[in-house]
file run-v5.tsv (TSV, C-alpha atoms)
chain	number	residue	atom	x	y	z
S	1	MET	CA	59.31	10.80	-39.66
S	2	LYS	CA	55.96	9.24	-40.56
S	3	GLY	CA	54.93	12.34	-42.50
S	4	ARG	CA	58.17	12.38	-44.46
S	5	SER	CA	57.91	8.67	-45.23
S	6	TRP	CA	54.35	9.06	-46.48
S	7	ALA	CA	55.34	12.07	-48.58
S	8	SER	CA	58.20	10.14	-50.16
S	9	VAL	CA	55.93	7.23	-51.00
S	10	ALA	CA	53.30	9.56	-52.48
S	11	LEU	CA	55.89	11.35	-54.62
S	12	MET	CA	57.42	8.10	-55.85
S	13	THR	CA	53.97	6.72	-56.65
S	14	ALA	CA	53.04	9.84	-58.61
S	15	LEU	CA	56.30	9.83	-60.53
S	16	ALA	CA	56.22	6.08	-61.18
S	17	GLY	CA	52.66	6.31	-62.46
S	18	THR	CA	53.63	9.11	-64.81
S	19	ALA	CA	56.60	7.19	-66.13
S	20	ALA	CA	54.75	3.89	-66.57
S	21	ALA	CA	51.46	5.01	-68.10
S	22	LYS	CA	50.27	7.33	-70.80
S	23	HIS	CA	48.04	10.13	-69.56
S	24	VAL	CA	45.52	12.20	-71.47
S	25	TYR	CA	43.98	15.28	-69.90
S	26	PRO	CA	40.35	15.96	-70.91
S	27	LYS	CA	40.93	19.72	-70.79
S	28	MET	CA	43.24	19.23	-73.80
S	29	LEU	CA	40.46	17.51	-75.79
S	30	ASP	CA	37.40	18.85	-77.57
S	31	ALA	CA	34.20	18.26	-75.57
S	32	VAL	CA	31.33	16.61	-77.47
S	33	ALA	CA	27.71	17.47	-76.68
S	34	ASP	CA	25.18	14.71	-77.34
S	35	GLY	CA	27.88	12.25	-78.39
S	36	ALA	CA	27.32	8.82	-79.86
S	37	ARG	CA	26.29	6.07	-77.44
S	38	TYR	CA	28.06	2.75	-77.78
S	39	SER	CA	27.12	-0.46	-76.05
S	40	LEU	CA	29.47	-3.09	-74.72
S	41	GLN	CA	27.19	-6.12	-74.83
S	42	GLN	CA	29.14	-8.30	-72.38
S	43	ASP	CA	31.91	-7.87	-69.84
S	44	TYR	CA	35.32	-7.63	-71.47
S	45	VAL	CA	38.21	-9.29	-69.61
S	46	TYR	CA	41.87	-8.55	-70.26
S	47	ARG	CA	44.83	-10.09	-68.43
S	48	GLU	CA	48.31	-8.64	-68.20
S	49	LYS	CA	50.95	-10.04	-65.87
S	50	ALA	CA	49.45	-10.30	-62.35
S	51	ALA	CA	46.44	-8.10	-63.15
S	52	THR	CA	43.04	-8.97	-64.57
S	53	PHE	CA	40.90	-6.09	-65.81
S	54	THR	CA	37.14	-6.48	-66.21
S	55	LEU	CA	35.42	-3.78	-68.24
S	56	ARG	CA	31.72	-3.91	-67.41
S	57	ALA	CA	29.04	-4.33	-70.05
S	58	GLY	CA	26.94	-1.23	-70.51
S	59	GLU	CA	26.71	2.10	-72.26
S	60	TYR	CA	29.79	4.17	-73.13
S	61	VAL	CA	29.11	7.70	-74.36
S	62	GLN	CA	31.34	9.84	-76.55
S	63	LYS	CA	32.24	12.87	-74.40
S	64	TYR	CA	35.55	13.97	-75.95
S	65	GLU	CA	37.48	13.80	-79.18
S	66	ASP	CA	40.68	14.84	-80.87
S	67	ALA	CA	42.06	14.38	-84.39
S	68	ARG	CA	43.04	10.75	-83.73
S	69	ALA	CA	40.24	9.30	-81.61
S	70	ILE	CA	37.01	9.60	-79.72
S	71	TYR	CA	36.83	9.08	-75.96
S	72	LEU	CA	33.88	7.11	-74.62
S	73	ILE	CA	33.02	7.49	-70.93
S	74	GLY	CA	31.38	4.67	-68.97
S	75	GLY	CA	29.37	4.64	-65.80
S	76	SER	CA	30.72	4.75	-62.27
S	77	HIS	CA	33.17	1.95	-61.45
S	78	CYS	CA	32.90	0.50	-64.96
S	79	VAL	CA	36.20	-1.36	-64.68
S	80	GLU	CA	37.73	-3.50	-61.94
S	81	MET	CA	41.38	-4.33	-61.58
S	82	ASN	CA	42.16	-7.56	-59.72
S	83	VAL	CA	45.80	-8.08	-58.80
S	84	VAL	CA	47.17	-11.37	-57.50
S	85	PRO	CA	50.88	-11.14	-56.71
S	86	PRO	CA	52.41	-14.40	-58.01
S	87	ARG	CA	54.58	-15.01	-54.97
S	88	GLN	CA	52.15	-13.62	-52.40
S	89	PRO	CA	48.58	-14.47	-53.45
S	90	GLU	CA	47.39	-13.69	-49.92
S	91	PHE	CA	47.87	-10.01	-50.81
S	92	ALA	CA	45.43	-10.12	-53.73
S	93	TYR	CA	43.08	-7.16	-54.06
S	94	THR	CA	40.40	-5.77	-56.36
S	95	THR	CA	39.89	-2.08	-57.03
S	96	PRO	CA	37.10	-0.44	-59.08
S	97	PHE	CA	37.73	2.62	-61.25
S	98	ASP	CA	35.67	5.02	-63.29
S	99	CYS	CA	36.68	4.43	-66.87
S	100	GLY	CA	36.35	5.01	-70.55
S	101	ILE	CA	37.36	3.63	-73.92
S	102	TYR	CA	39.79	5.17	-76.38
S	103	LEU	CA	38.46	4.48	-79.88
S	104	PRO	CA	40.73	5.50	-82.78
S	105	ARG	CA	39.05	7.12	-85.77
S	106	ASP	CA	40.88	4.64	-88.02
S	107	PRO	CA	38.55	1.60	-88.05
S	108	ALA	CA	41.53	-0.70	-88.67
S	109	LYS	CA	42.99	0.16	-85.27
S	110	GLY	CA	41.92	-1.48	-82.05
S	111	ALA	CA	40.57	0.24	-78.95
S	112	THR	CA	41.86	0.37	-75.40
S	113	PHE	CA	40.35	1.30	-72.06
S	114	PHE	CA	41.49	3.85	-69.53
S	115	PHE	CA	40.99	4.74	-65.88
S	116	ILE	CA	39.73	8.17	-64.91
S	117	ARG	CA	41.87	9.32	-62.02
S	118	GLY	CA	39.71	10.35	-59.08
S	119	LYS	CA	40.14	13.02	-56.47
S	120	PRO	CA	43.49	12.35	-54.82
S	121	ALA	CA	44.14	12.22	-51.12
S	122	THR	CA	46.51	14.95	-49.99
S	123	THR	CA	47.83	15.76	-46.55
S	124	PRO	CA	49.59	18.79	-45.05
S	125	GLU	CA	52.50	16.49	-44.09
S	126	ALA	CA	53.19	15.78	-47.76
S	127	GLY	CA	54.00	19.41	-48.43
S	128	ALA	CA	52.71	21.88	-51.01
S	129	LEU	CA	54.83	20.60	-53.92
S	130	VAL	CA	53.91	16.93	-53.49
S	131	ASN	CA	50.23	17.81	-53.00
S	132	ALA	CA	50.30	19.96	-56.16
S	133	ILE	CA	51.81	17.10	-58.18
S	134	ILE	CA	49.18	14.69	-56.87
S	135	ARG	CA	46.29	17.13	-57.55
S	136	ALA	CA	47.56	17.86	-61.09
S	137	GLY	CA	46.63	14.34	-62.16
S	138	GLU	CA	43.01	14.53	-61.00
S	139	GLY	CA	40.61	13.66	-63.81
S	140	SER	CA	43.31	12.46	-66.19
S	141	PHE	CA	42.73	9.45	-68.41
S	142	ASP	CA	45.35	6.84	-67.45
S	143	PHE	CA	46.06	3.84	-69.65
S	144	PRO	CA	46.92	0.88	-67.38
S	145	THR	CA	47.90	-1.75	-69.96
S	146	SER	CA	50.53	-2.08	-72.64
S	147	ASN	CA	47.95	-3.15	-75.25
S	148	LYS	CA	46.81	0.03	-77.01
S	149	ASN	CA	45.55	-1.75	-80.13
S	150	ASP	CA	42.94	-4.24	-78.96
S	151	THR	CA	40.87	-5.30	-81.95
S	152	LEU	CA	38.80	-7.68	-79.78
S	153	LEU	CA	37.61	-4.82	-77.55
S	154	ARG	CA	36.79	-2.71	-80.59
S	155	SER	CA	34.81	-5.56	-82.16
S	156	GLN	CA	32.66	-5.87	-79.02
S	157	LEU	CA	31.52	-2.23	-79.10
S	158	VAL	CA	28.18	-1.74	-80.82
S	159	LEU	CA	26.89	1.57	-82.09
S	160	PRO	CA	23.10	1.18	-82.01
S	161	GLY	CA	21.53	1.62	-85.42
S	162	THR	CA	24.53	0.22	-87.30
call {"tool": "encode", "arguments": {"input": "run-v5.tsv", "output": "structure tokens"}}
result
Amino acid sequence: MKGRSWASVALMTALAGTAAAKHVYPKMLDAVADGARYSLQQDYVYREKAATFTLRAGEYVQKYEDARAIYLIGGSHCVEMNVVPPRQPEFAYTTPFDCGIYLPRDPAKGATFFFIRGKPATTPEAGALVNAIIRAGEGSFDFPTSNKNDTLLRSQLVLPGT
């Protein structure tokens, strides 16, 4: 029964994540060689409900693009998500993620950050279908917040030489 319970939880997590967040798959984007290098001069902090996201200061490099935006990729663990459940603060946790920044080509639009989904954990007990669903999301760009038009984040990105 433990295997079936774990498989059910994994499937529900995968489906809930898909329903709640927008995903972009890099293989559907145009790769950029020698892309522009942007600098985030100071940590950027964004709060939404019980979560606080801290995007680390540093270099973010354009690696992908499409007709609407460029996708800047940061260094390893460039964002941390800290969650403090309001009714159970003793269960607070912090998780680092590899990340990037979605920067619309329209300069009037704000930016947003995204997580880069890592290599998922799969188990034989979960079954082939569940494991395939979990693996399909590897490497996707997942947008964890509802704010997709953050002018403050965009204003803090500096393109050296401008």
call {"tool": "closest_atom_pairs", "arguments": {"input": "run-v5.tsv", "of": "stretch 71-101 of chain S", "to": "stretch 41-61 of chain S", "cutoff": "7 Å", "atoms": "only C-alpha atoms", "output": "CSV"}}
result
residue,atom,partner,partner_atom,distance
S:Leu72,CA,S:Val61,CA,4.8
S:Ile73,CA,S:Tyr60,CA,5.1
S:Gly74,CA,S:Tyr60,CA,4.5
S:Cys78,CA,S:Arg56,CA,5.2
S:Val79,CA,S:Leu55,CA,4.4
S:Glu80,CA,S:Thr54,CA,5.2
S:Met81,CA,S:Phe53,CA,4.6
S:Asn82,CA,S:Thr52,CA,5.1
S:Val83,CA,S:Ala51,CA,4.4
S:Val84,CA,S:Ala50,CA,5.5
S:Pro85,CA,S:Ala50,CA,5.9
S:Pro86,CA,S:Ala50,CA,6.7
call {"tool": "atom_distance", "arguments": {"input": "run-v5.tsv", "atom1": "atom CA of S:Thr95", "atom2": "atom CA of S:Ser140"}}
result
17.5 Å
call {"tool": "residues_near_point", "arguments": {"input": "run-v5.tsv", "point": "(40.4, 10.7, -69.5)", "cutoff": "10 Å", "atoms": "only C-alpha atoms", "output": "NGL selection string"}}
result
:S and (23-29 or 63-64 or 71-73 or 98-102 or 113-117 or 138-143)
call {"tool": "axis_aligned_box", "arguments": {"input": "run-v5.tsv", "around": "stretch 31-41 of chain S", "padding_each_side": "8 Å", "output": "JSON"}}
result
{"center_x": 29.7, "center_y": 6.1, "center_z": -77.3, "size_x": 25.0, "size_y": 40.4, "size_z": 21.1}
call {"tool": "atom_distance", "arguments": {"input": "run-v5.tsv", "atom1": "atom CA of S:Pro104", "atom2": "atom CA of S:Gly35"}}
result
15.2 Å
call {"tool": "closest_residue", "arguments": {"input": "run-v5.tsv", "among": "S:His77, S:Leu40, S:Ala31, S:Thr112", "to": "S:Pro96", "atoms": "all atoms listed in the file"}}
result
S:His77
call {"tool": "closest_residue", "arguments": {"input": "run-v5.tsv", "among": "S:Ala128, S:Ile70, S:Ala33, S:Leu103", "to": "S:Asp150", "atoms": "only C-alpha atoms"}}
result
S:Leu103
call {"tool": "atom_distance", "arguments": {"input": "run-v5.tsv", "atom1": "atom CA of S:Arg154", "atom2": "atom CA of S:Gly110"}}
result
5.5 Å
call {"tool": "closest_residue", "arguments": {"input": "run-v5.tsv", "among": "S:Pro160, S:Ala111, S:Lys148, S:Gly75", "to": "S:Tyr38", "atoms": "all atoms listed in the file"}}
result
S:Pro160
